[in-house]
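Asker: Got a structure for you, written out below as structure tokens; questions coming shortly.
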Amino acid sequence: MKQKGFNIWIGIAVLLLSFFVLFVVYPLAQVLYKSVLASNTSDITFTMDYFQKFFARKYYWSTLVNSFYVTVASTLLASLIGLPMAYLLRSYKVPGSKYLNILIVISYLSPPFIGAYAWIQLFGRNGFWTKFLTESFGWHVPSIYGFTGIVLVFSLQSFPLIYMYVSGALKNLDNSLNEAAESLGLNAFQRVIKIILPLVMPSLLAGALLVFMRVFSDFGTPMLIGEGFRTFPVLIYTQFMGEVSTDDHFAAALCVIIIAITLILFFMQRYLSNKYAYSMTALKPMEQVEPKGIRKLFAYLFVYGIALLAILPQLTVIYTSFLETSGGTVYTGNLGFSNYENTLLAKDNNSIINTYIFGLCAISLVVVIGVFVAYLTARKKSFVTEMLDTLTMFPYIIPGSVLGISFLYAFNSRPLLLSGTAIIIILSLAIRRMPYTIRSSTAIISQISPSIEEAAISLGSTEFQTFRKVTVPMMLPGVMAGAIMSWITLISELSSSIILYTSSTSTLTVAIYAEVIRSNFGNAAAYSTILTLTSIVSLLLFFKLTKNKDISV
Amino acid sequence: MSVAINIDKVTKIFGKDTIISGLSLSVKPGEFFTLLGPSGCGKTTLLRMIIGFNSIEGGKISIDGKVVNDIPTNLRNMGMVFQNYAIFPHMSVKENVAFGLKNRKIAKEEIEQRVEDILDTVKIKHLKDRMPSQLSGGQQQRVALARAIVIHPEVLLMDEPLSNLDAKLRVEMRNAIKLIQKKIGITTIYVTHDQEEALAVSDRIAIMNGGVIQQIGTPQAIYRRPVNTFVATFIGLSNILKTKVAVRNGVQGLNFGDYWAAIPGLAESTQEGTEVIVAVRPEEFCIDETITTGIPAIIRHSVFLGVNTHYFLELSDGQEIEVIQNTELTNNSAGSKVYLTVDAPKINVFTADGTQNLIAGGRGDEAEGL
């Protein structure tokens, strides 16, 4: 009996392992192989030419330097915004803080390039405020393009991540630590520096790493608002997809470089958070107090101001979606629904339907695999499941565009011909989201005492029955909540879809991007609004389901 | 060097609820003073008012005559030990203990010396470079204690510091705390809901219930002469019996059915026939197998605990009582009939509503002449 159950689990583990080998290891191996394979001979010859080419020409390597500038600046700024935001909202009573929380999360959940395009609408060369300020006051509005614009968009778009991580950590911080420090003579400012900051540091680092990876590998934003300021992902995209002089092998080498960098960062962050990890459980969380006097003014100004700035792109997009356009590009100045007639109600509204279908398929795949992997790695520790554990974490550090490129390399020929199909997009979405779902499922399962499962077995059910009838139902509420968050992030995914899509498998984000590139802002705004509304509705469902207002992404 | 604490008619209001209303007490210099009461009685609230985590809505708290109501906590110079220790998880033992000193701009050498000394006092010198996660509960509690007293606070406050420890360690730690407190001579206020702990460590105890102090006194006074039935049943175990005052030959006493016992010290105002409540502790009953006068009772069951034996008896009116005897009865089988007598000088007699002790010396610490 026992032996039989054991075999079922081994079978599932091996099956899952082969899935990840096929869709994670094999594509990455293809990238690595291509990056060192000479392309001008018919023989298989090892070469380092592509890497040399990259580091030899400033035109290429300067993009990497630019990426670092942008990423470091944005991550720092995001931390400088997110940290006080979390602290103020946790320690002060702020009217409407629940709604602020939702606004902040929504601003984070939309794709960054939408922020870029909205800011251009406001402060770009022909932007609304640029024109208004120049014509009315003769003011010179500094350029929003280039480094400034990229950092502005990224930091406003990414601080919610820092905010959510730090806010979660603050919730687990026992107030008696704060009180102990107070009784030992520290004033409020000293307590923040010496107690609170060190204790939330691990969460801050974890959040900062996510921001770093997100900013470092995003290509939509610098593509739109960067103009001459070219970053590394832009280089990858143009080398792979560009209209002139694309070079598969060179693009592969670039992919290897970016993976190496994210890998180093990942291990650095893991080292740092292991070093500074404290287990904390709050018996008595921080109390929110009513701020007084000048503190109140500054706290409110900061919190509301930042929330407004963060949600401004969304408001802009929603507003412009109701502006009539002629030919899609020029605003006529009237309000109307023409943009929706051209998108939502158009005959060819594939991209909307695709988004929902692909998202739902991917999310089902992610949940099923995620639950199995979490169960195996938590309950059936063996060599195979440990490999599974490591393998499933890989996609965490692979930028979306790299994953897209690797999929095209791997599945472009028979017998594994998948390129151009819906399956390849669904798989890429699922693989990208897998590490997050597995992590949260593992956290859920580790909170279920094994003795509950043992009780079921002692009452005569088999291991698999126990898994099906006890473990899975107990995990379900948490897993479903996680699935909704995954769904929201999946439908706003751009970087791998933009590489993998064909005209019949376009999604909302791809459509928005394409319309923006074509300067067809009316349609782009309508598509964006549909996406935002979907996110908001899903988020409300999440709150309804979980009955709490804390979100982990 | 030690300070006195004076709490004068303080009031605490949370929202619309008045938790404490006009409470007064004073703690003597160097005293180990305990606030004891069931959960929700306001003892922790009062402690947090003293250190400043809770605001004071009325009245005054003063330390050696100086009112501290408006002094922020970080300037009050009081040490506090928390229920969950509140050890900073990102600092080693040494750093935790030195934390308050570093903040006081004390010379480095002196900090080193004082940390060494205090770690020696609480007997964890060998652990000074450990991180909190590597310490047991008892060790963490010693760190918390060292950290609170190394800053030479005027007052030491402890909020149920032993409630997270297992039973054996709790006894060990409470002895350690008592010894260290006596050695340093610091005025200490200790909060607990564990009466045995309170009896073991305190110089004096204040029993609280519903935000009101019921009785203040030495452990002995409170145990022997509780002021009301709440204290009588909260501290130790008391069998509560209803009966009437009966005067025989001019001597005041009580009737227990046919059995009469003279009660010395019963207030003269209590006349023949006054209804009273009697609190008899299990060890204040005596089962004498040789007599046939006394309170008749039937043995229901008994529990042998080595040091003594607990008997659960049923009186003729059906009430169940508990009796502790140091020697085992020859016939302790369930159902056998015995006669009880009471240790009359020790038992307590209360008014029928249970609010007042009618025995001389049973009216709190003033009468006891502490």
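If you're wondering about the labels, chains in the structure tokens are A, B, ... by order shown, residues count from 1 in each chain, ligands from 1 in order shown.
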Ile19 (chain B): which residues within 7 Å, counting only C-alpha atoms, same-chain residues fewer than 6 positions away excluded, as a PyMOL selection string?
Answerer: chain B and resi 12-13+42+211
Asker: Please produce an output containing N, CA and C atoms for each residue in the selection, written as a PDB file, in the first residue's frame.
Answerer:
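Full text of selection_33.pdb as output:
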```
ATOM      1  N   LYS B  12      -8.172  55.945  33.283  1.00  0.00           N
ATOM      2  CA  LYS B  12      -7.822  55.597  31.901  1.00  0.00           C
ATOM      3  C   LYS B  12      -9.089  55.381  31.114  1.00  0.00           C
ATOM      4  N   ILE B  13      -9.195  56.079  29.993  1.00  0.00           N
ATOM      5  CA  ILE B  13     -10.370  55.942  29.142  1.00  0.00           C
ATOM      6  C   ILE B  13      -9.915  55.547  27.747  1.00  0.00           C
ATOM      7  N   GLY B  42      -7.214  45.314  34.109  1.00  0.00           N
ATOM      8  CA  GLY B  42      -6.617  46.642  34.020  1.00  0.00           C
ATOM      9  C   GLY B  42      -5.202  46.741  34.543  1.00  0.00           C
ATOM     10  N   GLY B 211     -10.733  46.883  37.100  1.00  0.00           N
ATOM     11  CA  GLY B 211     -10.148  48.219  37.163  1.00  0.00           C
ATOM     12  C   GLY B 211     -10.101  48.805  38.564  1.00  0.00           C
TER      13      GLY B 211
END
```
Asker: So which residues of region 82-331 of chain B fall under helix (DSSP H, G or I) by DSSP, listed as a ChimeraX atom specification?
Answerer: /B:93-102,108-121,125-127,132-134,137-149,167-184,195-201,219-224,229-234,282-284
Asker: Give one line per residue of chain A that approaches chain B to at most 10 Å, naming the two atoms of the closest pair and their distance in Å to one decimal, counting only C-alpha atoms; sort by chain then ascending residue number and deliver it as a Markdown table.
Answerer:
```
| residue | atom | partner | partner_atom | distance |
| --- | --- | --- | --- | --- |
| A:Asp174 | CA | B:Ala86 | CA | 7.8 |
| A:Asn175 | CA | B:Ala86 | CA | 8.5 |
| A:Ser176 | CA | B:Ala86 | CA | 5.6 |
| A:Leu177 | CA | B:Ala86 | CA | 4.9 |
| A:Asn178 | CA | B:Ala86 | CA | 8.4 |
| A:Glu179 | CA | B:Phe53 | CA | 7.6 |
| A:Ala180 | CA | B:Ala86 | CA | 6.6 |
| A:Ala181 | CA | B:Gly100 | CA | 7.6 |
| A:Glu182 | CA | B:Asn74 | CA | 4.9 |
| A:Ser183 | CA | B:Asn74 | CA | 5.2 |
| A:Leu184 | CA | B:Gly100 | CA | 4.7 |
| A:Gly185 | CA | B:Asn74 | CA | 3.9 |
| A:Leu186 | CA | B:Asn74 | CA | 5.5 |
| A:Asn187 | CA | B:Asn74 | CA | 6.2 |
| A:Ala188 | CA | B:Asn74 | CA | 9.1 |
| A:Gln190 | CA | B:Asn103 | CA | 9.5 |
| A:Lys194 | CA | B:Phe99 | CA | 9.7 |
| A:Ile195 | CA | B:Phe88 | CA | 7.6 |
| A:Pro198 | CA | B:His90 | CA | 7.2 |
| A:Leu199 | CA | B:His90 | CA | 6.9 |
| A:Lys275 | CA | B:His90 | CA | 9.9 |
| A:Tyr276 | CA | B:His90 | CA | 7.2 |
| A:Ala277 | CA | B:His90 | CA | 8.3 |
| A:Tyr278 | CA | B:Pro89 | CA | 6.1 |
| A:Ser279 | CA | B:Pro89 | CA | 8.0 |
| A:Met280 | CA | B:Pro89 | CA | 8.2 |
| A:Ala282 | CA | B:Asn84 | CA | 9.8 |
| A:Leu283 | CA | B:Asn84 | CA | 8.2 |
```
Asker: Kindly save the residues from that selection, with N, CA and C atoms included, as an mmCIF file, in the first residue's frame.
Answerer:
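Result written to part_25.cif:
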```cif
data_model
loop_
_atom_site.group_PDB
_atom_site.id
_atom_site.type_symbol
_atom_site.label_atom_id
_atom_site.label_comp_id
_atom_site.auth_asym_id
_atom_site.auth_seq_id
_atom_site.Cartn_x
_atom_site.Cartn_y
_atom_site.Cartn_z
ATOM 1 N N ASP A 174 6.568 43.200 15.871
ATOM 2 C CA ASP A 174 5.893 43.299 17.166
ATOM 3 C C ASP A 174 6.149 44.666 17.773
ATOM 4 N N ASN A 175 5.072 45.319 18.165
ATOM 5 C CA ASN A 175 5.215 46.677 18.677
ATOM 6 C C ASN A 175 6.012 46.735 19.965
ATOM 7 N N SER A 176 6.103 45.605 20.691
ATOM 8 C CA SER A 176 6.861 45.673 21.943
ATOM 9 C C SER A 176 8.343 45.931 21.677
ATOM 10 N N LEU A 177 8.851 45.578 20.473
ATOM 11 C CA LEU A 177 10.237 45.933 20.135
ATOM 12 C C LEU A 177 10.370 47.447 20.109
ATOM 13 N N ASN A 178 9.395 48.069 19.495
ATOM 14 C CA ASN A 178 9.343 49.514 19.415
ATOM 15 C C ASN A 178 9.259 50.125 20.818
ATOM 16 N N GLU A 179 8.410 49.528 21.635
ATOM 17 C CA GLU A 179 8.224 50.037 22.988
ATOM 18 C C GLU A 179 9.466 49.815 23.832
ATOM 19 N N ALA A 180 10.110 48.655 23.645
ATOM 20 C CA ALA A 180 11.344 48.383 24.392
ATOM 21 C C ALA A 180 12.375 49.452 24.081
ATOM 22 N N ALA A 181 12.520 49.778 22.784
ATOM 23 C CA ALA A 181 13.489 50.802 22.395
ATOM 24 C C ALA A 181 13.110 52.151 22.995
ATOM 25 N N GLU A 182 11.817 52.409 23.037
ATOM 26 C CA GLU A 182 11.358 53.675 23.607
ATOM 27 C C GLU A 182 11.708 53.731 25.097
ATOM 28 N N SER A 183 11.489 52.621 25.805
ATOM 29 C CA SER A 183 11.792 52.617 27.237
ATOM 30 C C SER A 183 13.290 52.715 27.485
ATOM 31 N N LEU A 184 14.086 52.348 26.454
ATOM 32 C CA LEU A 184 15.537 52.460 26.607
ATOM 33 C C LEU A 184 16.042 53.819 26.154
ATOM 34 N N GLY A 185 15.139 54.729 25.863
ATOM 35 C CA GLY A 185 15.540 56.114 25.652
ATOM 36 C C GLY A 185 15.550 56.620 24.231
ATOM 37 N N LEU A 186 14.983 55.870 23.253
ATOM 38 C CA LEU A 186 15.027 56.329 21.871
ATOM 39 C C LEU A 186 13.786 57.142 21.507
ATOM 40 N N ASN A 187 13.996 58.226 20.771
ATOM 41 C CA ASN A 187 12.842 58.970 20.282
ATOM 42 C C ASN A 187 12.350 58.350 18.984
ATOM 43 N N ALA A 188 11.245 58.882 18.450
ATOM 44 C CA ALA A 188 10.575 58.246 17.302
ATOM 45 C C ALA A 188 11.514 58.080 16.110
ATOM 46 N N GLN A 190 14.859 57.999 16.054
ATOM 47 C CA GLN A 190 15.902 57.009 16.342
ATOM 48 C C GLN A 190 15.364 55.591 16.247
ATOM 49 N N LYS A 194 17.075 52.721 14.033
ATOM 50 C CA LYS A 194 17.795 51.634 14.694
ATOM 51 C C LYS A 194 16.997 50.346 14.836
ATOM 52 N N ILE A 195 15.704 50.426 14.835
ATOM 53 C CA ILE A 195 14.904 49.207 15.035
ATOM 54 C C ILE A 195 14.110 48.852 13.788
ATOM 55 N N PRO A 198 16.260 48.299 10.241
ATOM 56 C CA PRO A 198 16.994 47.015 10.157
ATOM 57 C C PRO A 198 16.071 45.806 10.084
ATOM 58 N N LEU A 199 14.923 45.886 10.743
ATOM 59 C CA LEU A 199 14.044 44.722 10.778
ATOM 60 C C LEU A 199 13.251 44.534 9.482
ATOM 61 N N LYS A 275 21.321 36.352 5.554
ATOM 62 C CA LYS A 275 22.166 36.885 6.612
ATOM 63 C C LYS A 275 21.351 37.720 7.597
ATOM 64 N N TYR A 276 20.356 38.407 7.080
ATOM 65 C CA TYR A 276 19.601 39.309 7.944
ATOM 66 C C TYR A 276 18.167 38.849 8.171
ATOM 67 N N ALA A 277 17.945 37.529 8.035
ATOM 68 C CA ALA A 277 16.564 37.067 8.196
ATOM 69 C C ALA A 277 16.235 36.868 9.668
ATOM 70 N N TYR A 278 15.142 37.416 10.107
ATOM 71 C CA TYR A 278 14.692 37.198 11.474
ATOM 72 C C TYR A 278 13.294 36.653 11.384
ATOM 73 N N SER A 279 13.006 35.689 12.248
ATOM 74 C CA SER A 279 11.615 35.243 12.243
ATOM 75 C C SER A 279 10.869 36.127 13.226
ATOM 76 N N MET A 280 9.841 36.751 12.736
ATOM 77 C CA MET A 280 9.074 37.645 13.602
ATOM 78 C C MET A 280 7.606 37.279 13.523
ATOM 79 N N ALA A 282 4.110 39.001 15.161
ATOM 80 C CA ALA A 282 3.656 40.092 16.004
ATOM 81 C C ALA A 282 2.543 39.624 16.931
ATOM 82 N N LEU A 283 2.766 39.718 18.215
ATOM 83 C CA LEU A 283 1.673 39.504 19.151
ATOM 84 C C LEU A 283 0.781 40.733 19.134
#
```
Asker: Tell me which protein, DNA and RNA residues are within 9 Å of Asn175 (chain B), counting only C-alpha atoms, leaving out same-chain ones fewer than 4 positions away, and put them as an NGL selection string.
Answerer: :B and (170-171 or 179-180 or 200-201)
Asker: Give the answer as one residue: which of B:Asn357, B:Asn249, B:Ser55, B:Asn332 has the shortest atom-to-atom distance to Arg225 (chain B), using only C-alpha atoms?
Answerer: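 Distance minimum relative to Arg225 (chain B) lands on B:Asn357.
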Asker: Which residues come within 9 Å of region 22-28 of chain B, counting only C-alpha atoms, excluding same-chain residues fewer than 3 positions away, as a list in words?
Answerer: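 Here the answer would be Ser2, Val3, Ala4, Ile5, Asn6, Ile7, Asp8, Lys9, Val10, Thr11, Lys12, Glu31, Phe32, Phe33, Gly58, Gly59, Thr187, Thr188, Ile189, Arg204, Ala206, Gly211, Val212, Ile213 and Ile216 of chain B.
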Asker: Figure out the distance between CA of Gly82 (chain A) and CA of Phe189 (chain A), please, to one decimal in Å.
Answerer: 17.7 Å
Asker: Rank B:Thr351, B:Ser333, B:Cys286, B:Thr341 by their smallest atom-to-atom distance to Gln271 (chain B), using only C-alpha atoms, and report the top residue only.
Answerer: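 Going through B:Thr351, B:Ser333, B:Cys286, B:Thr341 one by one, the smallest distance to Gln271 (chain B) is for B:Thr351.
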Asker: So how many Å separate CA of Asn523 (chain A) and CA of Trp119 (chain A), to one decimal?
Answerer: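 Calculated distance between CA of Asn523 (chain A) and CA of Trp119 (chain A) is 16.8 Å.
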Asker: For Asn101 (chain A), please output as an mmCIF file with N, CA, C and O atoms, in the first residue's frame all residues within 9 Å (counting only C-alpha atoms; exclusion window: fewer than 3 positions along the same chain).
Answerer:
```cif
data_model
loop_
_atom_site.group_PDB
_atom_site.id
_atom_site.type_symbol
_atom_site.label_atom_id
_atom_site.label_comp_id
_atom_site.auth_asym_id
_atom_site.auth_seq_id
_atom_site.Cartn_x
_atom_site.Cartn_y
_atom_site.Cartn_z
ATOM 1 N N LEU A 89 1.537 54.783 6.221
ATOM 2 C CA LEU A 89 0.200 54.174 6.191
ATOM 3 C C LEU A 89 0.018 53.132 7.291
ATOM 4 O O LEU A 89 -1.102 52.847 7.683
ATOM 5 N N GLY A 96 -9.277 57.080 4.237
ATOM 6 C CA GLY A 96 -9.308 56.464 2.909
ATOM 7 C C GLY A 96 -8.104 55.591 2.603
ATOM 8 O O GLY A 96 -7.817 55.330 1.436
ATOM 9 N N SER A 97 -7.401 55.151 3.644
ATOM 10 C CA SER A 97 -6.166 54.405 3.385
ATOM 11 C C SER A 97 -6.449 53.096 2.653
ATOM 12 O O SER A 97 -5.621 52.615 1.888
ATOM 13 N N LYS A 98 -7.641 52.564 2.868
ATOM 14 C CA LYS A 98 -8.002 51.320 2.184
ATOM 15 C C LYS A 98 -8.027 51.536 0.666
ATOM 16 O O LYS A 98 -7.544 50.718 -0.108
ATOM 17 N N ILE A 104 -2.751 52.112 -5.198
ATOM 18 C CA ILE A 104 -1.326 51.820 -5.321
ATOM 19 C C ILE A 104 -1.130 50.476 -6.028
ATOM 20 O O ILE A 104 -0.302 50.340 -6.929
ATOM 21 N N VAL A 105 -1.928 49.491 -5.625
ATOM 22 C CA VAL A 105 -1.780 48.169 -6.238
ATOM 23 C C VAL A 105 -2.133 48.220 -7.720
ATOM 24 O O VAL A 105 -1.436 47.652 -8.558
ATOM 25 N N ILE A 106 -3.202 48.955 -8.050
ATOM 26 C CA ILE A 106 -3.603 49.036 -9.456
ATOM 27 C C ILE A 106 -2.517 49.709 -10.294
ATOM 28 O O ILE A 106 -2.196 49.263 -11.391
ATOM 29 N N ALA A 307 0.217 58.836 -4.216
ATOM 30 C CA ALA A 307 -0.837 57.968 -4.754
ATOM 31 C C ALA A 307 -1.430 58.587 -6.019
ATOM 32 O O ALA A 307 -1.676 57.881 -7.009
ATOM 33 N N LYS A 549 -7.031 42.979 3.316
ATOM 34 C CA LYS A 549 -6.587 43.883 2.280
ATOM 35 C C LYS A 549 -5.087 43.795 2.024
ATOM 36 O O LYS A 549 -4.495 44.718 1.524
ATOM 37 N N ASP A 550 -4.501 42.665 2.389
ATOM 38 C CA ASP A 550 -3.071 42.541 2.132
ATOM 39 C C ASP A 550 -2.811 41.707 0.898
ATOM 40 O O ASP A 550 -3.394 40.669 0.694
#
```
Asker: Work out how far CA of Glu57 (chain B) is from CA of Phe230 (chain B), in Å to one decimal.
Answerer: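 Distance between the two atoms: 27.8 Å.
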Asker: List every residue of region 327-408 of chain A that DSSP, applied to the backbone of this structure, assigns to strand (DSSP E or B), and report them as an MDAnalysis selection string.
Answerer: chainID A and resid 330:335
Asker: Write the residues of the selection above to a file with N, CA, C and O atoms, as a tab-separated table (two decimals), in the first residue's frame.
Answerer:
```tsv
chain	number	residue	atom	x	y	z
A	330	VAL	N	-5.56	61.87	-34.20
A	330	VAL	CA	-5.73	63.27	-33.81
A	330	VAL	C	-7.02	63.44	-33.00
A	330	VAL	O	-8.09	63.03	-33.43
A	331	TYR	N	-6.88	64.04	-31.83
A	331	TYR	CA	-8.07	64.26	-31.01
A	331	TYR	C	-8.90	65.39	-31.59
A	331	TYR	O	-8.39	66.44	-31.95
A	332	THR	N	-10.21	65.17	-31.65
A	332	THR	CA	-11.08	66.21	-32.18
A	332	THR	C	-11.56	67.16	-31.09
A	332	THR	O	-12.04	68.24	-31.35
A	333	GLY	N	-11.41	66.73	-29.85
A	333	GLY	CA	-11.83	67.60	-28.76
A	333	GLY	C	-13.21	67.25	-28.24
A	333	GLY	O	-13.66	67.80	-27.25
A	334	ASN	N	-13.89	66.33	-28.89
A	334	ASN	CA	-15.21	65.90	-28.41
A	334	ASN	C	-15.10	64.60	-27.62
A	334	ASN	O	-14.20	63.81	-27.83
A	335	LEU	N	-16.10	64.43	-26.74
A	335	LEU	CA	-16.16	63.16	-26.01
A	335	LEU	C	-17.01	62.17	-26.79
A	335	LEU	O	-17.94	62.57	-27.50
```
Asker: Near region 289-299 of chain B, within 7 Å and counting only C-alpha atoms, which residues show up once chain neighbours fewer than 3 positions away are dropped, as a PyMOL selection string?
Answerer: chain B and resi 256-257+259+311-316+334-341
Asker: Counting only C-alpha atoms, what is within 10 Å of Glu328 (chain B), bar same-chain residues fewer than 3 positions away, as a list in words?
Answerer: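 What passes the distance filter is Ser302, Phe304, Gly306, Asn308, Thr309, His310, Tyr311, Ile324, Gln325, Asn331 and Asn332 of chain B.
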Asker: Generate the output file for the selected residues, C-alpha atoms, as a PDB file, in the first residue's frame.
Answerer:
```
ATOM      1  CA  SER B 302      -9.818  11.467  46.933  1.00  0.00           C
ATOM      2  CA  PHE B 304      -3.299  11.257  46.652  1.00  0.00           C
ATOM      3  CA  GLY B 306       2.285  12.473  48.120  1.00  0.00           C
ATOM      4  CA  ASN B 308      -0.921  15.480  51.123  1.00  0.00           C
ATOM      5  CA  THR B 309      -4.234  14.066  50.024  1.00  0.00           C
ATOM      6  CA  HIS B 310      -7.180  16.008  48.596  1.00  0.00           C
ATOM      7  CA  TYR B 311     -10.630  14.806  49.605  1.00  0.00           C
ATOM      8  CA  ILE B 324      -6.618  18.737  52.242  1.00  0.00           C
ATOM      9  CA  GLN B 325      -5.174  16.422  54.893  1.00  0.00           C
ATOM     10  CA  ASN B 331     -10.980   4.454  55.530  1.00  0.00           C
ATOM     11  CA  ASN B 332     -11.079   6.737  52.508  1.00  0.00           C
TER      12      ASN B 332
END
```
